[in-house]
Amino acid sequence: MSEQDTTSSPSDPAASFFDPGMTLEQAGHIDLHLHSTASDGRLSPQALMQLCHQRGLSCAALTDHDTIDGVEAAAHEARALGMTLVPGVELSTRWQGVGIHVVALWHGSPDAAMTALLERLSRARHDRALEIAARLEKAGLDNALERAREQNPGSRLLGRPDFARALVEAGLVPDMARAFKRYLGAGKTGDVKVHWPTLEETLESTRQAGAVAVVAHPLRYRLTRRRLGLLLDEFAALGGEGAELISGYQNDDRSRDLASMLVKRGLYASLGSDFHYQGGALAPGTLSRVPRSQLVPIWQHPRLKPAFEGP
Ligand code: AMP
Ligand code: MN
Ligand code: MN
Ligand code: MN
């Protein structure tokens, strides 16, 4: 009975397959930026795929922070649901003192270059956690590392949200938003970036891996328009091939302007909600309007096309 609730039969018209011929403006049923419990999302990869399916998505990419531990389970569940799962990861990098996120998408299994990069990121995340803990102890959070670990029973690699929850639990701040604002957000004591590979190193690895690199949420770094232009110039020059034209909710005027910036650099356009958990403003597939442009959708990238061609 419950199986029938989550599994669609072949005759179910709602189980429409993703059509890679779809233009950007027609794009529905797709979300190429999602998190699970493999990083800082709150749904298991399976539950995430079930929610995507309930919401009518036919194609999704799992893009956890610096790990692909959830990809296999998500792909398995997606197949059972008649959905397409594109393997991916959201890579932590640094560029000119800013933490920049790069979504990598590929077809098939991760190769040796991707595996080596993920191992490096796992070490970086570990070393960074020690540094964040030391800094938060100076700022008044005793036993910061142990407290962050308590927030992370699944023994995932620690992330800033684990430290944020520890700060809330210890009563140093009333909520997560304040924990980031005072301790962990950009420029604050717990915002440690030195451990991350540079943008250049990251793009060298994704290039070797044959993955397609996409600038995640370009409008969320609070860069001036000029610096965002520099980032996109450098990203394209280093072999990056795409950017998220739409990341969840964003202003239509800014989307139009971003589209023209991407066209100018010949980048492919991706779309994703950056969904982490239920109850917030976003759900899988939540996307602002796609502006009209000459941009080519990422699902038409020659190296990625086979990944989008259905289960
Ligand atoms: P990390 O990958 O460990 O550097 O942690 C960054 C993650 O923290 C982001 O991917 C978000 O999920 C989360 N985050 C960033 N800013 C905030 C905020 N102001 N409130 C809550 N969560 C945030
Ligand atoms: Mn996150
Ligand atoms: Mn991100
Ligand atoms: Mn993300």
# chains A, B, ... in the order shown; residues from 1 in each chain; ligands from 1
>>> closest_atom_pairs(of="chain A", to="ligand 1", cutoff="7 Å", atoms="only C-alpha atoms and all ligand atoms", output="CSV")
residue,atom,partner,partner_atom_place_in_ligand_line,distance
A:Asp40,CA,ligand 1,12 (O),6.1
A:His65,CA,ligand 1,2 (O),6.0
A:Ser92,CA,ligand 1,2 (O),7.0
A:Leu158,CA,ligand 1,3 (O),6.6
A:Gly159,CA,ligand 1,3 (O),3.1
A:Arg160,CA,ligand 1,3 (O),3.9
A:Pro161,CA,ligand 1,8 (O),5.0
A:Met176,CA,ligand 1,21 (C),5.4
A:Ala177,CA,ligand 1,20 (N),4.4
A:Phe180,CA,ligand 1,19 (N),4.9
A:Lys181,CA,ligand 1,19 (N),6.4
A:Gly185,CA,ligand 1,16 (N),6.1
A:His276,CA,ligand 1,12 (O),6.8
>>> write_last_selection(atoms="all heavy atoms", output="short mmCIF file (atom, residue, chain, number, x, y, z; two decimals), in the first residue's frame")
data_model
loop_
_atom_site.label_atom_id
_atom_site.label_comp_id
_atom_site.auth_asym_id
_atom_site.auth_seq_id
_atom_site.Cartn_x
_atom_site.Cartn_y
_atom_site.Cartn_z
N ASP A 40 24.83 18.57 4.77
CA ASP A 40 24.05 19.30 5.77
C ASP A 40 22.55 19.37 5.47
O ASP A 40 21.85 20.18 6.05
CB ASP A 40 24.64 20.69 6.02
CG ASP A 40 24.68 21.54 4.75
OD1 ASP A 40 24.24 21.07 3.69
OD2 ASP A 40 25.15 22.69 4.83
N HIS A 65 27.71 18.83 -0.06
CA HIS A 65 28.98 19.53 0.12
C HIS A 65 30.14 18.54 0.19
O HIS A 65 30.22 17.75 1.14
CB HIS A 65 28.99 20.35 1.40
CG HIS A 65 27.97 21.44 1.44
ND1 HIS A 65 28.12 22.62 0.74
CD2 HIS A 65 26.79 21.55 2.09
CE1 HIS A 65 27.08 23.41 0.98
NE2 HIS A 65 26.25 22.78 1.79
N SER A 92 33.75 22.93 -2.19
CA SER A 92 34.19 24.15 -1.49
C SER A 92 35.52 24.60 -2.10
O SER A 92 36.45 23.81 -2.21
CB SER A 92 34.40 23.86 0.00
OG SER A 92 33.22 23.34 0.58
N LEU A 158 32.24 17.41 9.71
CA LEU A 158 31.62 18.57 10.35
C LEU A 158 31.54 19.75 9.39
O LEU A 158 32.44 19.98 8.58
CB LEU A 158 32.43 18.98 11.58
CG LEU A 158 32.39 18.00 12.75
CD1 LEU A 158 33.27 18.53 13.88
CD2 LEU A 158 30.98 17.78 13.24
N GLY A 159 30.47 20.49 9.52
CA GLY A 159 30.30 21.72 8.74
C GLY A 159 29.94 22.87 9.67
O GLY A 159 29.67 22.66 10.86
N ARG A 160 29.93 24.06 9.12
CA ARG A 160 29.57 25.22 9.95
C ARG A 160 28.19 25.09 10.60
O ARG A 160 28.01 25.55 11.74
CB ARG A 160 29.69 26.51 9.13
CG ARG A 160 31.14 26.97 9.02
CD ARG A 160 31.25 28.28 8.26
NE ARG A 160 31.02 28.09 6.84
CZ ARG A 160 30.83 29.09 5.98
NH1 ARG A 160 30.80 30.34 6.41
NH2 ARG A 160 30.65 28.84 4.71
N PRO A 161 27.19 24.46 9.92
CA PRO A 161 25.88 24.33 10.59
C PRO A 161 25.97 23.55 11.90
O PRO A 161 25.22 23.84 12.83
CB PRO A 161 25.03 23.59 9.55
CG PRO A 161 25.63 23.96 8.22
CD PRO A 161 27.11 24.05 8.49
N MET A 176 20.09 29.85 14.67
CA MET A 176 21.12 29.57 13.66
C MET A 176 21.51 30.83 12.89
O MET A 176 22.68 31.07 12.62
CB MET A 176 20.59 28.55 12.64
CG MET A 176 20.33 27.18 13.19
SD MET A 176 21.85 26.22 13.29
CE MET A 176 22.12 25.78 11.57
N ALA A 177 20.50 31.62 12.55
CA ALA A 177 20.77 32.82 11.76
C ALA A 177 21.75 33.72 12.50
O ALA A 177 22.71 34.25 11.93
CB ALA A 177 19.47 33.57 11.46
N PHE A 180 25.35 32.39 12.56
CA PHE A 180 26.12 32.75 11.35
C PHE A 180 26.45 34.23 11.34
O PHE A 180 27.55 34.63 10.99
CB PHE A 180 25.34 32.35 10.09
CG PHE A 180 25.60 30.91 9.68
CD1 PHE A 180 24.80 29.88 10.16
CD2 PHE A 180 26.66 30.60 8.86
CE1 PHE A 180 25.06 28.56 9.81
CE2 PHE A 180 26.93 29.28 8.49
CZ PHE A 180 26.12 28.26 8.97
N LYS A 181 25.49 35.03 11.73
CA LYS A 181 25.71 36.47 11.68
C LYS A 181 26.86 36.90 12.59
O LYS A 181 27.69 37.73 12.23
CB LYS A 181 24.42 37.18 12.11
CG LYS A 181 24.37 38.61 11.68
CD LYS A 181 22.96 39.17 11.65
CE LYS A 181 23.08 40.61 11.19
NZ LYS A 181 22.15 41.50 11.86
N GLY A 185 29.48 33.38 9.73
CA GLY A 185 29.23 33.91 8.38
C GLY A 185 30.48 34.55 7.78
O GLY A 185 31.53 34.64 8.44
N HIS A 276 17.73 22.24 1.40
CA HIS A 276 18.39 21.53 2.50
C HIS A 276 17.39 20.78 3.40
O HIS A 276 17.70 19.72 3.90
CB HIS A 276 19.18 22.49 3.39
CG HIS A 276 20.51 22.92 2.83
ND1 HIS A 276 20.62 23.78 1.76
CD2 HIS A 276 21.78 22.62 3.21
CE1 HIS A 276 21.92 23.99 1.51
NE2 HIS A 276 22.63 23.29 2.37
#
>>> select_by_dssp(residues="segment 2-236 of chain A", states="helix (DSSP H, G or I)", output="PyMOL selection string")
chain A and resi 2-6+45-54+71-81+112-138+144-150+160-169+176-184+199-209+218-220+225-236
>>> closest_residue(among="A:Asp31, A:Asp257, A:Glu204, A:Asp274", to="ligand 2", atoms="only C-alpha atoms and all ligand atoms")
A:Asp274
>>> select_by_dssp(residues="segment 36-195 of chain A", states="strand (DSSP E or B)", output="ChimeraX atom specification")
/A:59-62,65,84-95,98-105
>>> residues_around(residues="Lys193 of chain A", least_positions_apart="3", cutoff="8 Å", atoms="only C-alpha atoms", output="PyMOL selection string")
chain A and resi 93-94+97-99+128+196
>>> residues_near_ligand(ligand="ligand 2", cutoff="12 Å", atoms="only C-alpha atoms and all ligand atoms", output="MDAnalysis selection string")
chainID A and resid 33:42 63:67 89:92 101 158:162 216:217 273:277
>>> residues_around(residues="Glu169 of chain A", least_positions_apart="3", cutoff="12 Å", atoms="only C-alpha atoms", output="short mmCIF file (atom, residue, chain, number, x, y, z; two decimals) with all heavy atoms, in the first residue's frame")
data_model
loop_
_atom_site.label_atom_id
_atom_site.label_comp_id
_atom_site.auth_asym_id
_atom_site.auth_seq_id
_atom_site.Cartn_x
_atom_site.Cartn_y
_atom_site.Cartn_z
N LEU A 141 33.04 29.41 23.46
CA LEU A 141 32.35 28.13 23.41
C LEU A 141 33.30 27.01 23.85
O LEU A 141 34.13 26.54 23.07
CB LEU A 141 31.85 27.84 21.97
CG LEU A 141 31.05 26.55 21.77
CD1 LEU A 141 29.69 26.64 22.49
CD2 LEU A 141 30.83 26.26 20.29
N ALA A 144 34.34 23.14 22.02
CA ALA A 144 33.59 23.41 20.79
C ALA A 144 33.51 22.19 19.86
O ALA A 144 32.46 21.90 19.29
CB ALA A 144 34.22 24.59 20.05
N ARG A 147 31.12 19.59 21.21
CA ARG A 147 29.75 20.08 21.08
C ARG A 147 29.25 20.01 19.64
O ARG A 147 28.10 19.68 19.39
CB ARG A 147 29.65 21.53 21.57
CG ARG A 147 29.74 21.67 23.08
CD ARG A 147 29.79 23.16 23.42
NE ARG A 147 30.13 23.41 24.79
CZ ARG A 147 29.22 23.70 25.73
NH1 ARG A 147 27.94 23.73 25.44
NH2 ARG A 147 29.61 23.94 26.96
N ALA A 148 30.12 20.33 18.70
CA ALA A 148 29.72 20.25 17.29
C ALA A 148 29.48 18.79 16.90
O ALA A 148 28.52 18.48 16.20
CB ALA A 148 30.80 20.86 16.40
N GLU A 150 28.43 16.45 18.80
CA GLU A 150 27.13 16.04 19.36
C GLU A 150 25.97 16.41 18.44
O GLU A 150 24.92 15.78 18.47
CB GLU A 150 26.89 16.71 20.72
CG GLU A 150 27.58 16.02 21.87
CD GLU A 150 27.58 16.90 23.12
OE1 GLU A 150 26.70 17.80 23.23
OE2 GLU A 150 28.46 16.68 23.98
N GLN A 151 26.15 17.44 17.64
CA GLN A 151 25.10 17.88 16.73
C GLN A 151 25.08 17.06 15.45
O GLN A 151 24.28 17.30 14.55
CB GLN A 151 25.30 19.36 16.36
CG GLN A 151 25.35 20.31 17.53
CD GLN A 151 24.08 20.23 18.35
OE1 GLN A 151 22.99 20.15 17.80
NE2 GLN A 151 24.22 20.27 19.66
N ASP A 162 26.91 22.57 12.00
CA ASP A 162 27.05 21.82 13.25
C ASP A 162 27.56 22.75 14.36
O ASP A 162 27.11 22.67 15.50
CB ASP A 162 28.03 20.66 13.06
CG ASP A 162 27.57 19.69 11.98
OD1 ASP A 162 26.40 19.29 12.03
OD2 ASP A 162 28.37 19.36 11.09
N PHE A 163 28.50 23.63 14.02
CA PHE A 163 29.00 24.59 15.01
C PHE A 163 27.92 25.62 15.34
O PHE A 163 27.80 26.05 16.48
CB PHE A 163 30.26 25.29 14.48
CG PHE A 163 31.47 24.40 14.49
CD1 PHE A 163 31.89 23.76 13.34
CD2 PHE A 163 32.17 24.18 15.68
CE1 PHE A 163 33.01 22.92 13.36
CE2 PHE A 163 33.28 23.35 15.71
CZ PHE A 163 33.70 22.71 14.54
N ALA A 164 27.12 25.98 14.34
CA ALA A 164 26.05 26.95 14.58
C ALA A 164 25.05 26.38 15.59
O ALA A 164 24.65 27.05 16.54
CB ALA A 164 25.35 27.30 13.27
N ARG A 165 24.67 25.11 15.39
CA ARG A 165 23.73 24.49 16.32
C ARG A 165 24.34 24.38 17.71
O ARG A 165 23.66 24.57 18.72
CB ARG A 165 23.30 23.11 15.81
CG ARG A 165 21.96 23.16 15.04
CD ARG A 165 21.41 21.76 14.79
NE ARG A 165 22.31 21.00 13.93
CZ ARG A 165 22.32 21.12 12.60
NH1 ARG A 165 21.48 21.93 11.99
NH2 ARG A 165 23.18 20.43 11.88
N ALA A 166 25.66 24.09 17.77
CA ALA A 166 26.33 24.01 19.08
C ALA A 166 26.27 25.36 19.79
O ALA A 166 26.07 25.42 21.01
CB ALA A 166 27.77 23.56 18.89
N LEU A 172 24.72 30.70 23.48
CA LEU A 172 25.48 31.90 23.11
C LEU A 172 24.74 32.76 22.09
O LEU A 172 25.01 33.96 21.97
CB LEU A 172 26.86 31.52 22.56
CG LEU A 172 27.96 31.44 23.62
CD1 LEU A 172 27.85 30.18 24.44
CD2 LEU A 172 29.34 31.56 22.99
N VAL A 173 23.84 32.14 21.35
CA VAL A 173 22.99 32.86 20.38
C VAL A 173 21.61 32.24 20.41
O VAL A 173 21.47 31.06 20.74
CB VAL A 173 23.55 32.78 18.93
CG1 VAL A 173 24.75 33.67 18.73
CG2 VAL A 173 23.88 31.33 18.57
N PRO A 174 20.58 33.02 20.04
CA PRO A 174 19.23 32.47 20.10
C PRO A 174 18.88 31.53 18.94
O PRO A 174 18.03 30.67 19.08
CB PRO A 174 18.33 33.71 20.09
CG PRO A 174 19.16 34.81 19.53
CD PRO A 174 20.59 34.47 19.79
N ASP A 175 19.51 31.69 17.80
CA ASP A 175 19.14 30.85 16.66
C ASP A 175 20.29 30.73 15.66
O ASP A 175 21.31 31.42 15.77
CB ASP A 175 17.88 31.39 15.97
CG ASP A 175 18.02 32.84 15.59
OD1 ASP A 175 19.09 33.23 15.09
OD2 ASP A 175 17.07 33.63 15.81
N MET A 176 20.09 29.85 14.67
CA MET A 176 21.12 29.57 13.66
C MET A 176 21.51 30.83 12.89
O MET A 176 22.68 31.07 12.62
CB MET A 176 20.59 28.55 12.64
CG MET A 176 20.33 27.18 13.19
SD MET A 176 21.85 26.22 13.29
CE MET A 176 22.12 25.78 11.57
N ALA A 179 23.82 32.74 14.84
CA ALA A 179 25.12 32.06 14.95
C ALA A 179 25.98 32.38 13.73
O ALA A 179 27.18 32.63 13.85
CB ALA A 179 24.91 30.55 15.07
#
>>> closest_residue(among="A:Val194, A:Met49, A:Ala124, A:Ala75", to="Trp95 of chain A", atoms="only C-alpha atoms")
A:Val194
>>> decode(residues="segment 202-213 of chain A", atoms="all heavy atoms", output="tab-separated table (two decimals), in the first residue's frame")
chain	number	residue	atom	x	y	z
A	202	THR	N	40.71	23.41	-8.08
A	202	THR	CA	39.45	22.67	-8.20
A	202	THR	C	39.09	22.45	-9.67
A	202	THR	O	38.71	21.34	-10.07
A	202	THR	CB	38.33	23.44	-7.48
A	202	THR	OG1	38.72	23.63	-6.12
A	202	THR	CG2	37.01	22.69	-7.55
A	203	LEU	N	39.21	23.51	-10.46
A	203	LEU	CA	38.83	23.38	-11.88
A	203	LEU	C	39.79	22.48	-12.64
A	203	LEU	O	39.40	21.82	-13.61
A	203	LEU	CB	38.70	24.76	-12.52
A	203	LEU	CG	37.51	25.56	-11.99
A	203	LEU	CD1	37.47	26.95	-12.60
A	203	LEU	CD2	36.20	24.84	-12.24
A	204	GLU	N	41.05	22.42	-12.19
A	204	GLU	CA	41.99	21.49	-12.81
A	204	GLU	C	41.52	20.05	-12.54
A	204	GLU	O	41.52	19.21	-13.45
A	204	GLU	CB	43.40	21.73	-12.24
A	204	GLU	CG	44.46	20.76	-12.70
A	204	GLU	CD	44.62	20.68	-14.22
A	204	GLU	OE1	44.25	21.64	-14.91
A	204	GLU	OE2	45.08	19.62	-14.71
A	205	SER	N	41.07	19.80	-11.32
A	205	SER	CA	40.59	18.45	-10.99
A	205	SER	C	39.31	18.10	-11.75
A	205	SER	O	39.17	16.99	-12.26
A	205	SER	CB	40.31	18.33	-9.49
A	205	SER	OG	41.50	18.48	-8.76
A	206	THR	N	38.35	19.03	-11.80
A	206	THR	CA	37.10	18.71	-12.48
A	206	THR	C	37.35	18.50	-13.97
A	206	THR	O	36.72	17.66	-14.61
A	206	THR	CB	36.02	19.80	-12.27
A	206	THR	OG1	36.55	21.07	-12.65
A	206	THR	CG2	35.56	19.85	-10.82
A	207	ARG	N	38.31	19.27	-14.52
A	207	ARG	CA	38.64	19.10	-15.93
A	207	ARG	C	39.21	17.69	-16.17
A	207	ARG	O	38.75	16.97	-17.06
A	207	ARG	CB	39.66	20.16	-16.36
A	207	ARG	CG	39.92	20.24	-17.87
A	207	ARG	CD	41.17	21.07	-18.19
A	207	ARG	NE	42.38	20.52	-17.61
A	207	ARG	CZ	43.01	19.43	-18.05
A	207	ARG	NH1	42.56	18.78	-19.10
A	207	ARG	NH2	44.10	18.99	-17.44
A	208	GLN	N	40.17	17.31	-15.31
A	208	GLN	CA	40.74	15.96	-15.44
A	208	GLN	C	39.69	14.88	-15.28
A	208	GLN	O	39.75	13.83	-15.91
A	208	GLN	CB	41.80	15.74	-14.35
A	208	GLN	CG	43.15	16.33	-14.68
A	208	GLN	CD	44.14	16.10	-13.53
A	208	GLN	OE1	43.99	15.18	-12.73
A	208	GLN	NE2	45.13	16.97	-13.44
A	209	ALA	N	38.71	15.15	-14.41
A	209	ALA	CA	37.67	14.15	-14.13
A	209	ALA	C	36.62	14.10	-15.25
A	209	ALA	O	35.76	13.22	-15.25
A	209	ALA	CB	36.99	14.47	-12.80
A	210	GLY	N	36.68	15.04	-16.16
A	210	GLY	CA	35.67	15.08	-17.22
A	210	GLY	C	34.31	15.55	-16.72
A	210	GLY	O	33.29	15.38	-17.38
A	211	ALA	N	34.29	16.15	-15.52
A	211	ALA	CA	33.03	16.67	-14.97
A	211	ALA	C	32.78	18.06	-15.53
A	211	ALA	O	33.70	18.73	-16.01
A	211	ALA	CB	33.11	16.71	-13.45
A	212	VAL	N	31.54	18.50	-15.48
A	212	VAL	CA	31.20	19.86	-15.91
A	212	VAL	C	31.08	20.73	-14.66
A	212	VAL	O	30.31	20.42	-13.75
A	212	VAL	CB	29.89	19.88	-16.73
A	212	VAL	CG1	29.46	21.30	-17.04
A	212	VAL	CG2	30.09	19.08	-18.02
A	213	ALA	N	31.88	21.80	-14.59
A	213	ALA	CA	31.91	22.68	-13.42
A	213	ALA	C	30.99	23.87	-13.62
A	213	ALA	O	31.00	24.51	-14.67
A	213	ALA	CB	33.34	23.15	-13.16
